$ cat run-v5.txt   # compact mmCIF, C-alpha atoms
# COMPACT_ATOMS: atom_id res chain seq x y z
CA MET A 1 181.20 57.76 -78.28
CA GLU A 2 183.51 55.93 -75.90
CA SER A 3 180.92 56.06 -73.15
CA LEU A 4 178.32 54.77 -75.57
CA SER A 5 180.46 51.86 -76.69
CA PHE A 6 181.34 51.13 -73.06
CA SER A 7 177.65 51.10 -72.20
CA LEU A 8 176.89 48.74 -75.07
CA HIS A 9 179.78 46.50 -74.09
CA SER A 10 178.48 46.39 -70.54
CA ASN A 11 175.03 45.50 -71.82
CA LEU A 12 176.46 42.77 -74.00
CA HIS A 13 178.35 41.35 -71.05
CA SER A 14 175.26 41.32 -68.85
CA LEU A 15 173.30 39.69 -71.66
CA THR A 16 175.94 37.00 -71.99
CA LEU A 17 175.75 36.34 -68.27
CA LEU A 18 171.98 36.22 -68.47
CA GLN A 19 172.05 33.73 -71.31
CA HIS A 20 174.52 31.58 -69.40
CA SER A 21 172.31 31.80 -66.32
CA ASN A 22 169.30 30.73 -68.34
CA GLN A 23 171.22 27.81 -69.77
CA ASN A 24 171.71 26.63 -66.20
CA LYS A 25 167.92 26.89 -65.83
CA LYS A 26 168.16 29.23 -62.87
CA ARG A 27 165.22 31.55 -62.81
CA ARG A 28 164.67 34.81 -61.03
CA LYS A 29 161.16 35.14 -59.63
CA ILE A 30 160.13 38.62 -60.58
CA THR A 31 156.70 40.07 -60.00
CA HIS A 32 155.74 43.26 -61.79
CA GLN A 33 152.43 45.01 -61.56
CA ASN A 34 152.80 46.59 -64.98
CA SER A 35 154.81 44.46 -67.37
CA LEU A 36 154.08 46.87 -70.20
CA ALA A 37 156.80 49.17 -68.86
CA LEU A 38 159.46 46.46 -68.59
CA THR A 39 161.38 47.01 -71.83
CA PRO A 40 161.22 50.20 -73.91
CA TRP A 41 160.99 48.49 -77.28
CA THR A 42 160.72 51.75 -79.19
CA SER A 43 164.03 53.16 -77.96
CA HIS A 44 167.10 53.34 -80.18
CA THR A 45 169.21 51.67 -77.51
CA GLN A 46 167.11 48.51 -77.58
CA HIS A 47 167.08 48.59 -81.37
CA ARG A 48 170.87 48.80 -81.63
CA LEU A 49 171.37 46.25 -78.89
CA TYR A 50 169.10 43.78 -80.64
CA SER A 51 170.66 44.41 -84.06
CA SER A 52 174.22 43.92 -82.85
CA ASN A 53 173.37 40.80 -80.88
CA LEU A 54 171.45 39.32 -83.80
CA LEU A 55 174.35 39.93 -86.16
CA LEU A 56 176.78 38.32 -83.73
CA ALA A 57 174.48 35.32 -83.35
CA LEU A 58 174.17 34.90 -87.11
CA ARG A 59 177.95 35.14 -87.59
CA ARG A 60 178.47 32.55 -84.88
CA ASN A 61 176.02 30.19 -86.55
CA SER A 62 177.72 27.32 -88.34
CA ASN A 63 174.99 27.16 -90.98
CA PRO A 64 173.61 30.70 -91.35
CA THR A 65 171.96 29.94 -94.67
CA ALA A 66 169.28 27.81 -93.00
CA SER A 67 166.18 29.95 -92.66
CA LEU A 68 165.04 28.06 -89.57
CA GLN A 69 168.34 28.86 -87.86
CA VAL A 70 167.91 32.54 -88.64
CA ARG A 71 164.40 32.59 -87.22
CA ALA A 72 165.46 30.75 -84.09
CA ALA A 73 168.39 33.12 -83.58
CA ALA A 74 166.16 36.15 -84.11
CA ASP A 75 163.74 34.94 -81.44
CA ARG A 76 166.45 33.95 -78.95
CA VAL A 77 168.16 37.32 -79.23
CA LEU A 78 164.78 39.04 -78.84
CA ALA A 79 164.07 37.09 -75.67
CA ALA A 80 167.56 37.84 -74.36
CA THR A 81 167.02 41.55 -75.03
CA ALA A 82 163.89 41.29 -72.88
CA LYS A 83 166.14 39.88 -70.13
CA GLY A 84 163.65 37.15 -69.30
CA ARG A 85 161.39 39.58 -67.53
CA THR A 86 158.26 38.29 -69.23
CA ARG A 87 156.71 34.88 -69.62
CA TRP A 88 157.07 34.82 -73.37
CA SER A 89 160.80 35.63 -73.24
CA ARG A 90 161.49 32.99 -70.59
CA ALA A 91 159.59 30.44 -72.68
CA ILE A 92 161.70 31.20 -75.75
CA LEU A 93 164.97 30.98 -73.82
CA ALA A 94 163.92 27.65 -72.31
CA ASN A 95 163.11 26.13 -75.70
CA PRO A 96 165.98 26.28 -78.23
CA PHE A 97 163.68 26.60 -81.24
CA GLY A 98 160.87 28.53 -79.59
CA ARG A 99 157.61 28.64 -81.46
CA TRP A 100 159.11 26.99 -84.52
CA ARG A 101 159.50 23.64 -82.85
CA LYS A 102 156.22 24.06 -81.05
CA GLN A 103 154.50 24.44 -84.39
CA ARG A 104 155.95 21.14 -85.54
CA GLN A 105 154.78 19.39 -82.39
CA ARG A 106 151.35 20.95 -82.34
CA HIS A 107 149.55 17.71 -83.19
CA HIS A 108 151.14 16.04 -80.17
CA LYS A 109 149.81 18.64 -77.75
CA LYS A 110 146.09 18.50 -78.48
CA VAL A 111 145.41 17.08 -75.03
CA LYS A 112 146.64 20.27 -73.41
CA ASN A 113 143.83 22.24 -74.99
CA CYS A 114 141.47 20.65 -72.46
CA SER A 115 143.61 21.67 -69.51
CA ALA A 116 143.95 25.17 -70.92
CA ASN A 117 140.19 25.31 -71.24
CA LYS A 118 139.71 24.19 -67.65
CA CYS A 119 142.25 26.72 -66.47
CA MET A 120 140.45 29.52 -68.27
CA LYS A 121 137.15 28.42 -66.80
CA LYS A 122 138.54 28.38 -63.27
CA THR A 123 140.25 31.70 -63.66
CA THR A 124 137.47 33.81 -65.09
CA PRO A 125 134.06 32.19 -64.49
CA ASP A 126 132.16 35.44 -64.97
CA ILE A 127 133.80 36.19 -68.28
CA ARG A 128 133.25 32.63 -69.40
CA ARG A 129 129.56 32.83 -68.56
CA ARG A 130 128.94 36.21 -70.15
CA LEU A 131 131.43 36.31 -73.01
CA PRO A 132 132.10 32.87 -74.52
CA ALA A 133 133.53 34.48 -77.67
CA VAL A 134 136.17 36.25 -75.57
CA GLN A 135 137.19 32.95 -73.99
CA LYS A 136 137.59 31.27 -77.36
CA LYS A 137 139.70 34.09 -78.79
CA ALA A 138 141.76 34.26 -75.61
CA ARG A 139 142.64 30.61 -76.08
CA VAL A 140 143.82 31.31 -79.64
CA LEU A 141 145.86 34.25 -78.39
CA GLY A 142 147.46 32.07 -75.71
CA LYS A 143 148.74 29.71 -78.39
CA LEU A 144 150.33 32.53 -80.37
CA ILE A 145 152.39 33.90 -77.49
CA PRO A 146 155.18 31.61 -76.23
CA GLY A 147 154.57 30.22 -72.76
CA CYS A 148 151.08 31.67 -72.40
CA ARG A 149 148.77 28.72 -72.99
CA LYS A 150 147.78 28.37 -69.36
CA VAL A 151 148.01 31.86 -67.92
CA SER A 152 145.20 33.93 -66.49
CA PHE A 153 143.26 36.26 -68.74
CA PRO A 154 144.71 39.56 -67.43
CA LYS A 155 148.23 38.12 -67.48
CA LEU A 156 147.66 37.00 -71.07
CA LEU A 157 146.69 40.51 -72.09
CA GLU A 158 149.76 42.03 -70.46
CA GLU A 159 152.06 39.51 -72.13
CA ALA A 160 150.36 40.20 -75.46
CA GLY A 161 151.06 43.93 -75.20
CA ASP A 162 154.76 43.44 -74.46
CA TYR A 163 155.12 40.70 -77.08
CA ILE A 164 153.60 42.87 -79.81
CA SER A 165 155.96 45.75 -79.03
CA ALA A 166 158.92 43.35 -79.07
CA LEU A 167 157.85 41.82 -82.39
CA GLU A 168 157.50 45.27 -83.95
CA MET A 169 161.07 46.14 -82.93
CA GLN A 170 162.27 42.77 -84.23
CA VAL A 171 160.73 43.47 -87.63
CA ARG A 172 162.28 46.96 -87.76
CA ALA A 173 165.74 45.65 -86.86
CA MET A 174 165.66 42.73 -89.28
CA LYS A 175 164.52 45.01 -92.11
CA ALA A 176 167.42 47.36 -91.39
CA LEU A 177 169.89 44.46 -91.39
CA ALA A 178 168.52 43.10 -94.66
CA ASP A 179 168.80 46.53 -96.27
CA LEU A 180 172.43 46.78 -95.15
CA LEU A 181 173.68 43.50 -96.53
CA PRO A 182 173.48 43.59 -100.34
CA THR A 183 174.85 47.08 -101.07
CA GLY A 184 178.53 47.88 -101.29
CA ALA A 185 177.96 51.35 -99.89
CA PRO A 186 175.37 51.26 -97.11
CA PRO A 187 173.05 54.26 -96.74
CA PRO A 188 174.38 56.94 -94.38
CA ASP A 189 171.68 56.47 -91.74
CA PRO A 190 169.97 53.09 -92.33
CA ILE A 191 168.76 52.44 -88.79
CA GLY A 192 168.68 55.90 -87.27
CA LEU A 193 172.02 55.60 -85.49
CA SER A 194 172.94 59.27 -85.73
CA MET B 1 159.14 22.26 -66.86
CA SER B 2 155.41 21.60 -67.07
CA SER B 3 155.21 21.33 -63.27
CA ARG B 4 156.80 24.76 -62.95
CA ARG B 5 154.32 26.19 -65.37
CA SER B 6 151.50 24.56 -63.45
CA ARG B 7 152.66 26.19 -60.23
CA SER B 8 153.03 29.51 -61.97
CA SER B 9 149.57 29.05 -63.42
CA GLN B 10 148.18 28.31 -59.98
CA SER B 11 149.66 31.52 -58.60
CA ASP B 12 148.07 33.38 -61.50
CA VAL B 13 144.73 31.78 -60.71
CA SER B 14 144.81 33.08 -57.15
CA THR B 15 145.18 36.65 -58.35
CA GLU B 16 141.91 38.51 -58.19
CA ILE B 17 141.21 41.16 -60.78
CA THR B 18 138.15 43.23 -61.42
CA ASP B 19 136.32 43.73 -64.68
CA ALA B 20 137.42 47.37 -64.60
CA GLN B 21 141.07 46.34 -64.55
CA ILE B 22 140.54 43.97 -67.46
CA THR B 23 138.84 46.75 -69.38
CA ASP B 24 141.84 48.99 -68.68
CA ILE B 25 144.30 46.38 -69.97
CA ILE B 26 142.20 45.80 -73.07
CA SER B 27 142.14 49.52 -73.80
CA LYS B 28 145.95 49.62 -73.56
CA LEU B 29 146.16 46.63 -75.87
CA GLN B 30 143.79 48.37 -78.26
CA GLN B 31 146.25 51.24 -78.70
CA LEU B 32 148.95 48.80 -79.83
CA ILE B 33 146.91 47.33 -82.69
CA PRO B 34 146.99 49.52 -85.83
CA GLU B 35 143.63 48.19 -87.02
CA LEU B 36 141.95 49.28 -83.79
CA ASP B 37 144.05 52.35 -83.02
CA ALA B 38 142.73 54.14 -86.11
CA ARG B 39 139.23 54.21 -84.62
CA ARG B 40 140.10 54.72 -80.99
CA SER B 41 137.09 56.94 -80.44
CA ASP B 42 134.71 54.14 -81.33
CA LYS B 43 133.75 51.55 -78.76
CA VAL B 44 135.18 48.16 -79.64
CA SER B 45 134.17 44.94 -77.92
CA ALA B 46 136.68 42.84 -76.00
CA SER B 47 136.08 40.02 -78.46
CA LYS B 48 137.01 42.30 -81.36
CA VAL B 49 140.18 43.47 -79.60
CA LEU B 50 141.27 39.88 -79.02
CA GLN B 51 140.52 38.93 -82.62
CA GLU B 52 142.55 41.82 -84.02
CA THR B 53 145.35 41.11 -81.54
CA CYS B 54 145.59 37.53 -82.83
CA ASN B 55 145.55 38.73 -86.44
CA TYR B 56 148.24 41.31 -85.78
CA ILE B 57 150.57 38.84 -84.04
CA LYS B 58 150.12 36.42 -86.93
CA SER B 59 151.03 39.14 -89.43
CA LEU B 60 154.13 40.08 -87.41
CA HIS B 61 155.13 36.39 -87.33
CA ARG B 62 154.77 36.25 -91.12
CA GLU B 63 156.97 39.33 -91.49
CA VAL B 64 159.65 37.72 -89.31
CA ASP B 65 159.41 34.57 -91.46
CA ASP B 66 159.90 36.55 -94.66
CA LEU B 67 162.77 38.58 -93.21
CA SER B 68 164.45 35.40 -91.93
CA ASP B 69 164.32 33.91 -95.43
CA ARG B 70 165.71 37.12 -96.87
CA LEU B 71 168.50 37.38 -94.30
CA SER B 72 169.55 33.76 -94.75
CA GLN B 73 169.86 34.27 -98.51
CA LEU B 74 171.79 37.52 -98.13
CA LEU B 75 174.15 36.02 -95.56
CA ALA B 76 174.97 33.19 -97.93
CA THR B 77 176.15 35.67 -100.56
CA THR B 78 177.95 38.10 -98.24
CA ASP B 79 179.43 35.76 -95.63
CA SER B 80 182.79 35.59 -97.38
CA ASN B 81 183.01 39.35 -97.81
CA SER B 82 184.97 40.40 -94.75
CA ALA B 83 185.10 44.06 -95.79
CA GLN B 84 181.33 44.11 -96.02
CA ALA B 85 181.05 42.47 -92.62
CA ALA B 86 183.43 45.03 -91.16
CA ILE B 87 181.27 47.86 -92.48
CA ILE B 88 178.16 46.33 -90.98
CA ARG B 89 179.85 45.80 -87.64
CA SER B 90 181.13 49.34 -87.51
CA LEU B 91 177.61 50.61 -88.14
CA LEU B 92 176.00 48.38 -85.55
CA LEU B 93 178.55 48.40 -82.73
$ encode --input "run-v5.txt" --output "structure tokens"
Amino acid sequence: MESLSFSLHSNLHSLTLLQHSNQNKKRRKITHQNSLALTPWTSHTQHRLYSSNLLLALRRNSNPTASLQVRAAADRVLAATAKGRTRWSRAILANPFGRWRKQRQRHHKKVKNCSANKCMKKTTPDIRRRLPAVQKKARVLGKLIPGCRKVSFPKLLEEAGDYISALEMQVRAMKALADLLPTGAPPPDPIGLS
Amino acid sequence: MSSRRSRSSQSDVSTEITDAQITDIISKLQQLIPELDARRSDKVSASKVLQETCNYIKSLHREVDDLSDRLSQLLATTDSNSAQAAIIRSLLL
């Protein structure tokens, strides 16, 4: 138990340093051939790490009742748990409100659709010629994943795989937290800690 | 920021990848989507995989929205309960 808490404390410390580093906008240039193996989103360690960090972030929040603040905190902690090793996590850490603010500003960024289209054409001319439906859907997918509007098609697919796994863990952790809060006597094993 | 992304995008553009590699990535992605994973034995087009991927991400986003609303309401009612907070912390940390 002591070793476990020490490990978690060490992880928290490294996460804090990472967040501070990201606030200074210093970026590590990391190239991975298989980003799908970067973070084991299904492991209990990542689940507990995310849950504890999310709870700390919510407690620190001056106005925790604002739903937008909760969403923003949930996404920032998720990106921090990913340690900025993927495009989507770096994009969230660089933008305080992540996709939430981007949604508000969507009407201001219509011009970028053209450049995204050009980028896709340049990147995958064969796919564009043979599979126009794929290109159109890839563009939609690029808008859903933070920071992936202008990336190449294979990179987009890799980011999508990691982002989906991260979102699934986020949903599991937030459900567990919500189940904990209202009851006076929490269930013995709400998030599979034992 | 946009200039950095442009440079990063340029480096991505220079990367060559074969159709076989794209097919491999799409098959991995297919296993992550519940809608597609159920019929893994069937052949599914790349367009279908992308469509279901978009739908699945949107549904996950909606779940996070709902859970954020729920958590913000619960925190409002339990924020003053320090004993409750202590129990939660002991379970999480």
$ atom_distance --input "run-v5.txt" --atom1 "CA of Leu78 (chain A)" --atom2 "CA of Ile145 (chain A)"
13.5 Å
$ atom_distance --input "run-v5.txt" --atom1 "CA of Val77 (chain A)" --atom2 "CA of Glu168 (chain A)"
14.1 Å
$ atom_distance --input "run-v5.txt" --atom1 "CA of Ser72 (chain B)" --atom2 "CA of Arg172 (chain A)"
16.6 Å
$ residues_around --input "run-v5.txt" --residues "Arg70 (chain B)" --least-positions-apart "4" --cutoff "9 Å" --atoms "only C-alpha atoms" --output "VMD selection string"
(chain A and resid 67 178) or (chain B and resid 65 to 66 74 to 75)
$ write_last_selection --input "run-v5.txt" --atoms "C-alpha atoms" --output "PDB file, in the frame of the given file"
ATOM      1  CA  SER A  67     166.180  29.950 -92.660  1.00  0.00           C
ATOM      2  CA  ALA A 178     168.520  43.100 -94.660  1.00  0.00           C
TER       3      ALA A 178
ATOM      4  CA  ASP B  65     159.410  34.570 -91.460  1.00  0.00           C
ATOM      5  CA  ASP B  66     159.900  36.550 -94.660  1.00  0.00           C
ATOM      6  CA  LEU B  74     171.790  37.520 -98.130  1.00  0.00           C
ATOM      7  CA  LEU B  75     174.150  36.020 -95.560  1.00  0.00           C
TER       8      LEU B  75
END
$ interface_residues --input "run-v5.txt" --of "chain A" --to "chain B" --cutoff "8 Å" --atoms "all atoms listed in the file" --output "PyMOL selection string"
chain A and resi 5+8+48+51-52+64-68+70-71+122-123+133-134+137-138+140-141+144+150-152+154-155+157-158+160-161+164-165+167-168+170-171+174-175+177-178+180-182+184+193
$ write_last_selection --input "run-v5.txt" --atoms "C-alpha atoms" --output "tab-separated table (two decimals), in the coordinates of the input"
chain	number	residue	atom	x	y	z
A	5	SER	CA	180.46	51.86	-76.69
A	8	LEU	CA	176.89	48.74	-75.07
A	48	ARG	CA	170.87	48.80	-81.63
A	51	SER	CA	170.66	44.41	-84.06
A	52	SER	CA	174.22	43.92	-82.85
A	64	PRO	CA	173.61	30.70	-91.35
A	65	THR	CA	171.96	29.94	-94.67
A	66	ALA	CA	169.28	27.81	-93.00
A	67	SER	CA	166.18	29.95	-92.66
A	68	LEU	CA	165.04	28.06	-89.57
A	70	VAL	CA	167.91	32.54	-88.64
A	71	ARG	CA	164.40	32.59	-87.22
A	122	LYS	CA	138.54	28.38	-63.27
A	123	THR	CA	140.25	31.70	-63.66
A	133	ALA	CA	133.53	34.48	-77.67
A	134	VAL	CA	136.17	36.25	-75.57
A	137	LYS	CA	139.70	34.09	-78.79
A	138	ALA	CA	141.76	34.26	-75.61
A	140	VAL	CA	143.82	31.31	-79.64
A	141	LEU	CA	145.86	34.25	-78.39
A	144	LEU	CA	150.33	32.53	-80.37
A	150	LYS	CA	147.78	28.37	-69.36
A	151	VAL	CA	148.01	31.86	-67.92
A	152	SER	CA	145.20	33.93	-66.49
A	154	PRO	CA	144.71	39.56	-67.43
A	155	LYS	CA	148.23	38.12	-67.48
A	157	LEU	CA	146.69	40.51	-72.09
A	158	GLU	CA	149.76	42.03	-70.46
A	160	ALA	CA	150.36	40.20	-75.46
A	161	GLY	CA	151.06	43.93	-75.20
A	164	ILE	CA	153.60	42.87	-79.81
A	165	SER	CA	155.96	45.75	-79.03
A	167	LEU	CA	157.85	41.82	-82.39
A	168	GLU	CA	157.50	45.27	-83.95
A	170	GLN	CA	162.27	42.77	-84.23
A	171	VAL	CA	160.73	43.47	-87.63
A	174	MET	CA	165.66	42.73	-89.28
A	175	LYS	CA	164.52	45.01	-92.11
A	177	LEU	CA	169.89	44.46	-91.39
A	178	ALA	CA	168.52	43.10	-94.66
A	180	LEU	CA	172.43	46.78	-95.15
A	181	LEU	CA	173.68	43.50	-96.53
A	182	PRO	CA	173.48	43.59	-100.34
A	184	GLY	CA	178.53	47.88	-101.29
A	193	LEU	CA	172.02	55.60	-85.49
$ residues_around --input "run-v5.txt" --residues "Pro40 (chain A)" --least-positions-apart "3" --cutoff "10 Å" --atoms "all atoms listed in the file" --output "list in words"
Leu36, Ala37, Ser43, His44, Thr45, Gln46, His47, Ala82, Asp162, Ser165, Ala166 and Met169 of chain A
$ write_last_selection --input "run-v5.txt" --atoms "C-alpha atoms" --output "mmCIF file, in the coordinates of the input"
data_model
loop_
_atom_site.group_PDB
_atom_site.id
_atom_site.type_symbol
_atom_site.label_atom_id
_atom_site.label_comp_id
_atom_site.auth_asym_id
_atom_site.auth_seq_id
_atom_site.Cartn_x
_atom_site.Cartn_y
_atom_site.Cartn_z
ATOM 1 C CA LEU A 36 154.080 46.870 -70.200
ATOM 2 C CA ALA A 37 156.800 49.170 -68.860
ATOM 3 C CA SER A 43 164.030 53.160 -77.960
ATOM 4 C CA HIS A 44 167.100 53.340 -80.180
ATOM 5 C CA THR A 45 169.210 51.670 -77.510
ATOM 6 C CA GLN A 46 167.110 48.510 -77.580
ATOM 7 C CA HIS A 47 167.080 48.590 -81.370
ATOM 8 C CA ALA A 82 163.890 41.290 -72.880
ATOM 9 C CA ASP A 162 154.760 43.440 -74.460
ATOM 10 C CA SER A 165 155.960 45.750 -79.030
ATOM 11 C CA ALA A 166 158.920 43.350 -79.070
ATOM 12 C CA MET A 169 161.070 46.140 -82.930
#
$ closest_residue --input "run-v5.txt" --among "A:Leu156, A:Leu49, A:Ala173, A:Ala74" --to "Arg87 (chain A)" --atoms "only C-alpha atoms"
A:Leu156
